[in-house]
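Engineer: Got a structure for you, my_file-v4.pdb, holding PDB, C-alpha atoms (C1' of nucleotides).
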ATOM      1  CA  MET A 692      15.608-153.727 -34.679
ATOM      2  CA  PRO A 693      15.006-154.857 -31.127
ATOM      3  CA  ALA A 694      13.208-158.050 -32.031
ATOM      4  CA  PRO A 695      15.588-160.871 -31.212
ATOM      5  CA  ARG A 696      13.329-163.844 -31.805
ATOM      6  CA  THR A 697      16.396-165.968 -31.299
ATOM      7  CA  VAL A 698      16.646-168.584 -28.565
ATOM      8  CA  ASN A 699      18.213-167.154 -25.480
ATOM      9  CA  HIS A 700      21.207-168.625 -23.727
ATOM     10  CA  ASP A 701      20.127-167.383 -20.379
ATOM     11  CA  CYS A 702      16.956-169.347 -20.407
ATOM     12  CA  PRO A 703      16.968-170.726 -16.856
ATOM     13  CA  ILE A 704      17.681-174.281 -17.829
ATOM     14  CA  ARG A 705      20.978-173.403 -19.439
ATOM     15  CA  ASP A 706      21.943-171.804 -16.183
ATOM     16  CA  VAL A 707      21.317-175.005 -14.284
ATOM     17  CA  LEU A 708      23.029-177.152 -16.833
ATOM     18  CA  ASP A 709      26.083-174.983 -16.576
ATOM     19  CA  ARG A 710      26.159-175.858 -12.892
ATOM     20  CA  VAL A 711      25.097-179.434 -13.063
ATOM     21  CA  GLY A 712      26.323-180.441 -16.478
ATOM     22  CA  ASP A 713      29.906-180.799 -15.386
ATOM     23  CA  ALA A 714      31.326-184.128 -14.453
ATOM     24  CA  TRP A 715      31.145-183.967 -10.678
ATOM     25  CA  SER A 716      28.326-181.787  -9.386
ATOM     26  CA  VAL A 717      25.610-184.355  -9.786
ATOM     27  CA  LEU A 718      27.664-187.063  -8.186
ATOM     28  CA  VAL A 719      28.426-184.840  -5.226
ATOM     29  CA  ILE A 720      24.789-183.866  -4.837
ATOM     30  CA  ALA A 721      23.671-187.461  -5.064
ATOM     31  CA  GLU A 722      26.176-188.485  -2.445
ATOM     32  CA  LEU A 723      25.348-185.674  -0.045
ATOM     33  CA  ASP A 724      21.681-186.439  -0.454
ATOM     34  CA  LYS A 725      22.346-189.780   1.211
ATOM     35  CA  ALA A 726      24.165-188.191   4.126
ATOM     36  CA  PRO A 727      26.423-185.283   5.030
ATOM     37  CA  CYS A 728      30.006-186.075   4.305
ATOM     38  CA  ARG A 729      33.546-184.898   4.912
ATOM     39  CA  PHE A 730      35.941-183.794   2.221
ATOM     40  CA  ASN A 731      38.173-186.809   1.985
ATOM     41  CA  ALA A 732      35.283-189.168   2.463
ATOM     42  CA  LEU A 733      33.681-187.630  -0.618
ATOM     43  CA  ARG A 734      36.983-187.864  -2.388
ATOM     44  CA  ARG A 735      37.167-191.581  -1.747
ATOM     45  CA  VAL A 736      33.591-192.322  -2.635
ATOM     46  CA  ILE A 737      33.464-190.276  -5.816
ATOM     47  CA  ASP A 738      36.323-192.125  -7.440
ATOM     48  CA  GLY A 739      38.372-190.324  -9.994
ATOM     49  CA  VAL A 740      37.763-186.809  -8.817
ATOM     50  CA  SER A 741      40.921-184.830  -8.230
ATOM     51  CA  GLN A 742      41.406-182.867  -5.070
ATOM     52  CA  ARG A 743      41.270-179.691  -7.068
ATOM     53  CA  MET A 744      38.024-180.461  -8.849
ATOM     54  CA  LEU A 745      36.272-181.603  -5.715
ATOM     55  CA  ALA A 746      37.239-178.375  -3.998
ATOM     56  CA  VAL A 747      36.121-176.301  -6.964
ATOM     57  CA  THR A 748      32.840-178.167  -7.300
ATOM     58  CA  LEU A 749      32.032-177.821  -3.621
ATOM     59  CA  ARG A 750      32.808-174.117  -3.743
ATOM     60  CA  GLN A 751      30.404-173.588  -6.611
ATOM     61  CA  LEU A 752      27.674-175.552  -4.913
ATOM     62  CA  GLU A 753      28.229-173.638  -1.705
ATOM     63  CA  ARG A 754      28.213-170.378  -3.597
ATOM     64  CA  ASP A 755      24.836-171.188  -5.075
ATOM     65  CA  GLY A 756      23.413-172.142  -1.722
ATOM     66  CA  LEU A 757      23.089-175.814  -2.570
ATOM     67  CA  VAL A 758      25.449-177.151   0.072
ATOM     68  CA  THR A 759      26.660-175.936   3.444
ATOM     69  CA  ARG A 760      30.206-176.109   4.704
ATOM     70  CA  ARG A 761      30.606-176.626   8.432
ATOM     71  CA  VAL A 762      34.012-176.446  10.048
ATOM     72  CA  THR A 763      34.710-178.258  13.305
ATOM     73  CA  ASP A 764      38.089-177.189  14.511
ATOM     74  CA  GLY A 765      40.020-179.733  16.443
ATOM     75  CA  ARG A 766      42.662-182.322  16.045
ATOM     76  CA  PRO A 767      42.570-182.988  13.155
ATOM     77  CA  PRO A 768      40.327-180.273  11.692
ATOM     78  CA  GLN A 769      37.090-181.454  10.141
ATOM     79  CA  VAL A 770      34.884-179.996   7.440
ATOM     80  CA  THR A 771      31.482-181.465   6.847
ATOM     81  CA  TYR A 772      29.447-180.768   3.753
ATOM     82  CA  ALA A 773      25.700-181.191   3.581
ATOM     83  CA  LEU A 774      22.881-180.439   1.205
ATOM     84  CA  THR A 775      20.684-177.424   1.869
ATOM     85  CA  PRO A 776      16.924-177.694   1.306
ATOM     86  CA  ARG A 777      17.531-176.042  -2.026
ATOM     87  CA  GLY A 778      20.093-178.692  -2.851
ATOM     88  CA  VAL A 779      17.641-181.407  -1.899
ATOM     89  CA  SER A 780      15.010-179.890  -4.157
ATOM     90  CA  LEU A 781      17.475-179.818  -7.031
ATOM     91  CA  HIS A 782      18.219-183.457  -6.486
ATOM     92  CA  ALA A 783      14.498-184.129  -6.621
ATOM     93  CA  ALA A 784      14.154-182.134  -9.835
ATOM     94  CA  LEU A 785      16.881-184.272 -11.303
ATOM     95  CA  ALA A 786      15.003-187.482 -10.629
ATOM     96  CA  PRO A 787      12.816-187.541 -13.758
ATOM     97  CA  LEU A 788      15.885-187.059 -15.893
ATOM     98  CA  ALA A 789      17.696-189.840 -14.091
ATOM     99  CA  ASP A 790      14.666-191.999 -14.606
ATOM    100  CA  TRP A 791      14.535-191.191 -18.298
ATOM    101  CA  ALA A 792      18.215-191.981 -18.551
ATOM    102  CA  ALA A 793      17.849-195.349 -16.904
ATOM    103  CA  ARG A 794      14.942-196.253 -19.129
ATOM    104  CA  HIS A 795      16.526-195.208 -22.420
ATOM    105  CA  GLN A 796      20.138-196.026 -21.802
ATOM    106  CA  GLN A 797      20.004-199.345 -23.546
ATOM    107  CA  ALA A 798      18.019-198.130 -26.537
ATOM    108  CA  ILE A 799      20.435-195.267 -26.997
ATOM    109  CA  ARG A 800      23.376-197.611 -26.995
ATOM    110  CA  GLU A 801      21.683-199.614 -29.691
ATOM    111  CA  SER A 802      20.890-196.553 -31.761
ATOM    112  CA  ARG A 803      24.476-195.533 -31.531
ATOM    113  CA  ALA A 804      25.740-198.923 -32.593
ATOM    114  CA  ALA A 805      23.305-198.968 -35.509
ATOM    115  CA  PHE A 806      24.332-195.476 -36.546
ATOM    116  CA  GLU A 807      27.970-196.380 -36.539
ATOM    117  CA  ALA A 808      27.329-199.558 -38.440
ATOM    118  CA  ALA A 809      25.554-197.504 -41.094
ATOM    119  CA  GLN A 810      28.473-195.095 -41.208
ATOM    120  CA  ALA A 811      30.913-197.941 -41.644
ATOM    121  CA  ALA A 812      28.773-199.437 -44.379
ATOM    122  CA  ALA A 813      28.663-196.127 -46.223
ATOM    123  CA  ALA A 814      32.433-195.899 -46.133
TER     124      ALA A 814
ATOM    125  CA  MET B 902      37.688-207.587  -1.699
ATOM    126  CA  PRO B 903      35.798-206.671  -4.849
ATOM    127  CA  ALA B 904      33.498-204.180  -3.189
ATOM    128  CA  PRO B 905      33.932-200.884  -5.021
ATOM    129  CA  ARG B 906      31.537-198.770  -2.980
ATOM    130  CA  THR B 907      32.599-195.821  -5.064
ATOM    131  CA  VAL B 908      30.143-193.746  -7.039
ATOM    132  CA  ASN B 909      30.090-194.795 -10.630
ATOM    133  CA  HIS B 910      30.580-192.441 -13.541
ATOM    134  CA  ASP B 911      28.457-194.494 -15.822
ATOM    135  CA  CYS B 912      25.442-194.096 -13.682
ATOM    136  CA  PRO B 913      22.808-193.352 -16.316
ATOM    137  CA  ILE B 914      22.356-189.729 -15.458
ATOM    138  CA  ARG B 915      25.961-188.882 -16.152
ATOM    139  CA  ASP B 916      25.451-190.373 -19.575
ATOM    140  CA  VAL B 917      22.555-188.057 -20.293
ATOM    141  CA  LEU B 918      24.302-185.039 -18.904
ATOM    142  CA  ASP B 919      27.222-185.714 -21.179
ATOM    143  CA  ARG B 920      24.787-185.427 -24.068
ATOM    144  CA  VAL B 921      22.620-182.684 -22.794
ATOM    145  CA  GLY B 922      25.023-180.756 -20.608
ATOM    146  CA  ASP B 923      26.734-179.083 -23.530
ATOM    147  CA  ALA B 924      25.782-175.630 -24.623
ATOM    148  CA  TRP B 925      23.546-176.407 -27.567
ATOM    149  CA  SER B 926      21.757-179.736 -27.307
ATOM    150  CA  VAL B 927      18.985-178.520 -25.058
ATOM    151  CA  LEU B 928      18.374-175.455 -27.159
ATOM    152  CA  VAL B 929      18.151-177.560 -30.293
ATOM    153  CA  ILE B 930      15.788-180.014 -28.640
ATOM    154  CA  ALA B 931      13.613-177.226 -27.316
ATOM    155  CA  GLU B 932      13.441-175.634 -30.724
ATOM    156  CA  LEU B 933      12.675-178.862 -32.569
ATOM    157  CA  ASP B 934      10.007-179.650 -30.027
ATOM    158  CA  LYS B 935       8.102-176.633 -31.267
ATOM    159  CA  ALA B 936       8.365-177.727 -34.884
ATOM    160  CA  PRO B 937      10.655-179.524 -37.335
ATOM    161  CA  CYS B 938      13.260-177.197 -38.713
ATOM    162  CA  ARG B 939      15.894-176.862 -41.405
ATOM    163  CA  PHE B 940      19.588-176.453 -40.775
ATOM    164  CA  ASN B 941      20.041-172.788 -41.455
ATOM    165  CA  ALA B 942      16.728-171.946 -39.870
ATOM    166  CA  LEU B 943      18.016-173.529 -36.675
ATOM    167  CA  ARG B 944      21.263-171.677 -37.106
ATOM    168  CA  ARG B 945      19.445-168.382 -37.228
ATOM    169  CA  VAL B 946      17.137-169.076 -34.339
ATOM    170  CA  ILE B 947      19.707-170.500 -31.975
ATOM    171  CA  ASP B 948      21.870-167.397 -32.049
ATOM    172  CA  GLY B 949      25.542-167.777 -31.413
ATOM    173  CA  VAL B 950      25.912-171.361 -32.496
ATOM    174  CA  SER B 951      28.616-171.892 -35.076
ATOM    175  CA  GLN B 952      27.973-173.911 -38.196
ATOM    176  CA  ARG B 953      30.352-176.518 -36.959
ATOM    177  CA  MET B 954      28.804-176.909 -33.517
ATOM    178  CA  LEU B 955      25.292-177.080 -34.872
ATOM    179  CA  ALA B 956      26.352-179.828 -37.257
ATOM    180  CA  VAL B 957      28.157-181.720 -34.521
ATOM    181  CA  THR B 958      25.258-181.363 -32.101
ATOM    182  CA  LEU B 959      22.726-182.562 -34.643
ATOM    183  CA  ARG B 960      24.924-185.529 -35.504
ATOM    184  CA  GLN B 961      25.103-186.590 -31.889
ATOM    185  CA  LEU B 962      21.388-186.234 -31.405
ATOM    186  CA  GLU B 963      20.751-188.196 -34.567
ATOM    187  CA  ARG B 964      23.209-190.820 -33.487
ATOM    188  CA  ASP B 965      21.353-191.306 -30.241
ATOM    189  CA  GLY B 966      18.010-191.573 -31.963
ATOM    190  CA  LEU B 967      16.733-188.286 -30.601
ATOM    191  CA  VAL B 968      16.299-186.479 -33.892
ATOM    192  CA  THR B 969      15.714-187.540 -37.480
ATOM    193  CA  ARG B 970      17.385-186.078 -40.532
ATOM    194  CA  ARG B 971      15.281-186.016 -43.671
ATOM    195  CA  VAL B 972      16.796-185.003 -46.980
ATOM    196  CA  THR B 973      14.630-183.593 -49.750
ATOM    197  CA  ASP B 974      16.758-183.294 -52.835
ATOM    198  CA  GLY B 975      15.925-180.451 -55.124
ATOM    199  CA  ARG B 976      16.936-176.961 -55.976
ATOM    200  CA  PRO B 977      18.244-176.006 -53.515
ATOM    201  CA  PRO B 978      18.645-179.148 -51.422
ATOM    202  CA  GLN B 979      16.759-179.233 -48.151
ATOM    203  CA  VAL B 980      17.403-181.055 -44.922
ATOM    204  CA  THR B 981      14.765-181.093 -42.250
ATOM    205  CA  TYR B 982      15.415-182.095 -38.668
ATOM    206  CA  ALA B 983      12.724-183.279 -36.298
ATOM    207  CA  LEU B 984      12.452-184.810 -32.864
ATOM    208  CA  THR B 985      11.789-188.515 -32.562
ATOM    209  CA  PRO B 986       9.383-189.764 -29.898
ATOM    210  CA  ARG B 987      12.433-190.499 -27.804
ATOM    211  CA  GLY B 988      13.564-186.913 -28.241
ATOM    212  CA  VAL B 989      10.148-185.662 -27.223
ATOM    213  CA  SER B 990      10.248-187.800 -24.108
ATOM    214  CA  LEU B 991      13.650-186.403 -23.210
ATOM    215  CA  HIS B 992      12.316-182.911 -23.572
ATOM    216  CA  ALA B 993       9.507-183.857 -21.227
ATOM    217  CA  ALA B 994      11.945-185.323 -18.724
ATOM    218  CA  LEU B 995      13.811-182.043 -18.788
ATOM    219  CA  ALA B 996      10.748-180.064 -17.804
ATOM    220  CA  PRO B 997      10.994-180.494 -14.020
ATOM    221  CA  LEU B 998      14.568-179.332 -14.122
ATOM    222  CA  ALA B 999      13.631-176.328 -16.208
ATOM    223  CA  ASP B1000      10.882-175.609 -13.755
ATOM    224  CA  TRP B1001      13.251-175.851 -10.808
ATOM    225  CA  ALA B1002      15.647-173.558 -12.604
ATOM    226  CA  ALA B1003      13.013-170.934 -13.223
ATOM    227  CA  ARG B1004      11.885-171.039  -9.633
ATOM    228  CA  HIS B1005      15.321-170.837  -8.036
ATOM    229  CA  GLN B1006      17.156-168.666 -10.508
ATOM    230  CA  GLN B1007      16.653-165.515  -8.533
ATOM    231  CA  ALA B1008      17.496-167.015  -5.148
ATOM    232  CA  ILE B1009      20.664-168.483  -6.599
ATOM    233  CA  ARG B1010      21.721-165.139  -7.932
ATOM    234  CA  GLU B1011      21.235-163.692  -4.494
ATOM    235  CA  SER B1012      23.175-166.483  -2.818
ATOM    236  CA  ARG B1013      25.981-165.905  -5.203
ATOM    237  CA  ALA B1014      26.051-162.193  -4.577
ATOM    238  CA  ALA B1015      26.010-162.782  -0.822
ATOM    239  CA  PHE B1016      28.800-165.320  -1.100
ATOM    240  CA  GLU B1017      30.958-162.964  -3.050
ATOM    241  CA  ALA B1018      30.243-160.147  -0.668
ATOM    242  CA  ALA B1019      31.394-162.388   2.194
ATOM    243  CA  GLN B1020      34.529-163.261   0.257
ATOM    244  CA  ALA B1021      35.295-159.632  -0.351
ATOM    245  CA  ALA B1022      34.720-158.839   3.304
ATOM    246  CA  ALA B1023      37.083-161.607   4.376
ATOM    247  CA  ALA B1024      39.799-160.228   2.126
TER     248      ALA B1024
ATOM    249  C1'  DC C1269      42.710-183.183   7.176
ATOM    250  C1'  DT C1270      41.430-179.597   4.079
ATOM    251  C1'  DG C1271      42.519-176.990   1.196
ATOM    252  C1'  DT C1272      45.266-173.259  -2.383
ATOM    253  C1'  DA C1273      48.822-172.161  -6.140
ATOM    254  C1'  DT C1274      51.256-173.279 -10.082
ATOM    255  C1'  DC C1275      52.357-175.701 -14.225
ATOM    256  C1'  DC C1276      51.254-177.951 -18.189
ATOM    257  C1'  DA C1277      48.858-181.405 -21.399
ATOM    258  C1'  DT C1278      44.629-182.135 -23.530
ATOM    259  C1'  DG C1279      40.621-181.136 -25.986
ATOM    260  C1'  DC C1280      36.944-178.042 -27.228
ATOM    261  C1'  DC C1281      35.321-174.858 -30.325
ATOM    262  C1'  DG C1282      35.228-170.623 -33.337
ATOM    263  C1'  DA C1283      36.988-168.995 -37.764
ATOM    264  C1'  DT C1284      37.910-169.937 -42.213
ATOM    265  C1'  DA C1285      38.029-172.236 -46.462
ATOM    266  C1'  DC C1286      36.283-175.573 -49.429
ATOM    267  C1'  DT C1287      32.686-179.331 -51.459
ATOM    268  C1'  DG C1288      28.272-181.410 -53.292
TER     269       DG C1288
ATOM    270  C1'  DC D  86      21.581-174.833 -48.773
ATOM    271  C1'  DA D  87      23.993-178.013 -45.963
ATOM    272  C1'  DG D  88      27.570-179.461 -44.682
ATOM    273  C1'  DT D  89      33.168-181.247 -44.022
ATOM    274  C1'  DA D  90      38.291-180.246 -43.182
ATOM    275  C1'  DT D  91      41.781-177.870 -41.048
ATOM    276  C1'  DC D  92      44.012-174.775 -37.970
ATOM    277  C1'  DG D  93      44.866-172.285 -33.838
ATOM    278  C1'  DG D  94      43.589-169.931 -29.374
ATOM    279  C1'  DC D  95      41.765-170.613 -25.027
ATOM    280  C1'  DA D  96      39.715-172.798 -21.232
ATOM    281  C1'  DT D  97      39.448-177.119 -18.537
ATOM    282  C1'  DG D  98      41.328-179.950 -15.431
ATOM    283  C1'  DG D  99      45.072-183.398 -13.663
ATOM    284  C1'  DA D 100      49.521-183.559 -11.168
ATOM    285  C1'  DT D 101      52.304-181.723  -8.017
ATOM    286  C1'  DA D 102      53.888-178.934  -4.353
ATOM    287  C1'  DC D 103      52.938-176.279  -0.579
ATOM    288  C1'  DA D 104      50.103-174.117   3.600
ATOM    289  C1'  DG D 105      46.946-173.655   7.660
TER     290       DG D 105
END
What is this structure when it is put down as structure tokens?
Structural biologist:
Amino acid sequence: MPAPRTVNHDCPIRDVLDRVGDAWSVLVIAELDKAPCRFNALRRVIDGVSQRMLAVTLRQLERDGLVTRRVTDGRPPQVTYALTPRGVSLHAALAPLADWAARHQQAIRESRAAFEAAQAAAA
Amino acid sequence: MPAPRTVNHDCPIRDVLDRVGDAWSVLVIAELDKAPCRFNALRRVIDGVSQRMLAVTLRQLERDGLVTRRVTDGRPPQVTYALTPRGVSLHAALAPLADWAARHQQAIRESRAAFEAAQAAAA
DNA sequence: CTGTATCCATGCCGATACTG
DNA sequence: CAGTATCGGCATGGATACAG
């Protein structure tokens, strides 16, 4: 019975969404796309990210070859993160989705409000 | 000084990713884009999704106006789900990302392997 | 400054049981 | 067939403390 006509979880897009679907990855990528950035600078600009999660996120992105980590020893030590070409291309691939989001955001909010109103009415 | 130059969480794309970043939404959308489908048919084709999560996922998508839920009372009762035009457009907006994923999947795997090899070597 | 290690609260989700 | 309700385990992630 080797005919699994079921939808596969390891279709490529699920892979990406596992990377990029978390709370911080996209924000980090978007920020680094503007300019390379140091750890604490990112921390300040991202707003709400914990030290732990920023470190974890950057590790994952580095691991996947989406960002580079460059250490400049000195006083104090500095670590600069930057997007790789691959990271830039991911950011580009994200653009249509961002565009869709911006265009439908309002309509979705309205749908949601309408849906909840209907729910309330039913109750 | 009301100048919060921090990155915002409610930038539209984070909104979408909160919807679409979960494990099942994209799979459901992809499946419904092929053809409308009934609940248990989806359940069978999606493979691994629990009854609960499929129900929750469909509710959210319906809530956001991405899918419709049509009930055909009878013996037995039938419920058919289908994508709305908005849902179709989301699926389209996802395409570039899926494409990127397919193209970089292999390279990412290699990066990851290399990264872990480096880690192991360092230890 | 740039992290890692630990602890712990929260919330997600599968399993199960039950309803129309 | 198409769900909802409830429970419990497990992973996620914030807070804190510590290190290079």
Engineer: What's the 12 Å shell around B:Asp919, counting only C-alpha atoms (C1' of nucleotides), without same-chain residues fewer than 2 positions away, as a list in words?
Structural biologist: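 Once the nearby chain positions are removed, what remains is Leu708, Asp709, Val711, Gly712, Asp713, Ala714, Trp715, Val717 and Ala792 of chain A; His910, Asp911, Cys912, Pro913, Ile914, Arg915, Asp916, Val917, Val921, Gly922, Asp923, Ala924, Trp925, Ser926, Val927, Thr958, Gln961 and Leu962 of chain B.
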Engineer: With all atoms listed in the file considered, list every residue of chain B at most 6 Å from chain A, as a PDB file with C-alpha atoms, in the coordinates of the input.
Structural biologist:
ATOM      1  CA  THR B 907      32.599-195.821  -5.064  1.00  0.00           C
ATOM      2  CA  VAL B 908      30.143-193.746  -7.039  1.00  0.00           C
ATOM      3  CA  PRO B 913      22.808-193.352 -16.316  1.00  0.00           C
ATOM      4  CA  ILE B 914      22.356-189.729 -15.458  1.00  0.00           C
ATOM      5  CA  LEU B 918      24.302-185.039 -18.904  1.00  0.00           C
ATOM      6  CA  GLY B 922      25.023-180.756 -20.608  1.00  0.00           C
ATOM      7  CA  VAL B 946      17.137-169.076 -34.339  1.00  0.00           C
ATOM      8  CA  ILE B 947      19.707-170.500 -31.975  1.00  0.00           C
ATOM      9  CA  ASP B 948      21.870-167.397 -32.049  1.00  0.00           C
ATOM     10  CA  ARG B 964      23.209-190.820 -33.487  1.00  0.00           C
ATOM     11  CA  ASP B 965      21.353-191.306 -30.241  1.00  0.00           C
ATOM     12  CA  GLY B 966      18.010-191.573 -31.963  1.00  0.00           C
ATOM     13  CA  ALA B 994      11.945-185.323 -18.724  1.00  0.00           C
ATOM     14  CA  PRO B 997      10.994-180.494 -14.020  1.00  0.00           C
ATOM     15  CA  LEU B 998      14.568-179.332 -14.122  1.00  0.00           C
ATOM     16  CA  ALA B 999      13.631-176.328 -16.208  1.00  0.00           C
ATOM     17  CA  ALA B1002      15.647-173.558 -12.604  1.00  0.00           C
ATOM     18  CA  ALA B1003      13.013-170.934 -13.223  1.00  0.00           C
ATOM     19  CA  ILE B1009      20.664-168.483  -6.599  1.00  0.00           C
ATOM     20  CA  SER B1012      23.175-166.483  -2.818  1.00  0.00           C
ATOM     21  CA  ARG B1013      25.981-165.905  -5.203  1.00  0.00           C
ATOM     22  CA  PHE B1016      28.800-165.320  -1.100  1.00  0.00           C
TER      23      PHE B1016
END
Engineer: Write out as a list in words each polymer residue whose atoms come within 12 Å of A:Arg743, counting only C-alpha atoms (C1' of nucleotides); drop sequence neighbours fewer than 4 positions from it.
Structural biologist: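 The neighbour list is Trp715, Phe730, Asn731, Arg734, Gly739, Val747, Thr748, Leu749 and Arg750 of chain A; DT1270, DG1271, DT1272 and DA1273 of chain C; DT97, DG98, DG99, DA100 and DT101 of chain D.
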Engineer: Please provide as a list in words all residues within 12 Å of C:DT1287, with the sequence filter that same-chain residues fewer than 6 positions apart are discarded (counting all atoms listed in the file).
Structural biologist: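 My reading of the contact set: DA87, DG88, DT89 and DA90 of chain D.
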Engineer: Counting only C-alpha atoms (C1' of nucleotides), give me one row per residue of chain A with an atom at most 10 Å from an atom of chain D, showing the shortest contact pair and its distance in Å to one decimal, sorted by chain then residue number, as JSON lines.
Structural biologist:
{"residue": "A:Val740", "atom": "CA", "partner": "D:DG99", "partner_atom": "C1'", "distance": 9.4}
{"residue": "A:Ser741", "atom": "CA", "partner": "D:DG99", "partner_atom": "C1'", "distance": 7.0}
{"residue": "A:Gln742", "atom": "CA", "partner": "D:DG99", "partner_atom": "C1'", "distance": 9.4}
{"residue": "A:Arg743", "atom": "CA", "partner": "D:DG98", "partner_atom": "C1'", "distance": 8.4}
{"residue": "A:Met744", "atom": "CA", "partner": "D:DG98", "partner_atom": "C1'", "distance": 7.4}
Engineer: What is the atom CA of B:Asp974 to atom CA of B:Ile930 distance in Å?
Structural biologist: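 Computing it gives 24.4 Å between the two atoms.
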Engineer: Rounded to one decimal in Å, what is the spacing between atom CA of A:Gln769 and atom CA of A:Ala732?
Structural biologist: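 Result for atom CA of A:Gln769 versus atom CA of A:Ala732: 11.0 Å, one decimal.
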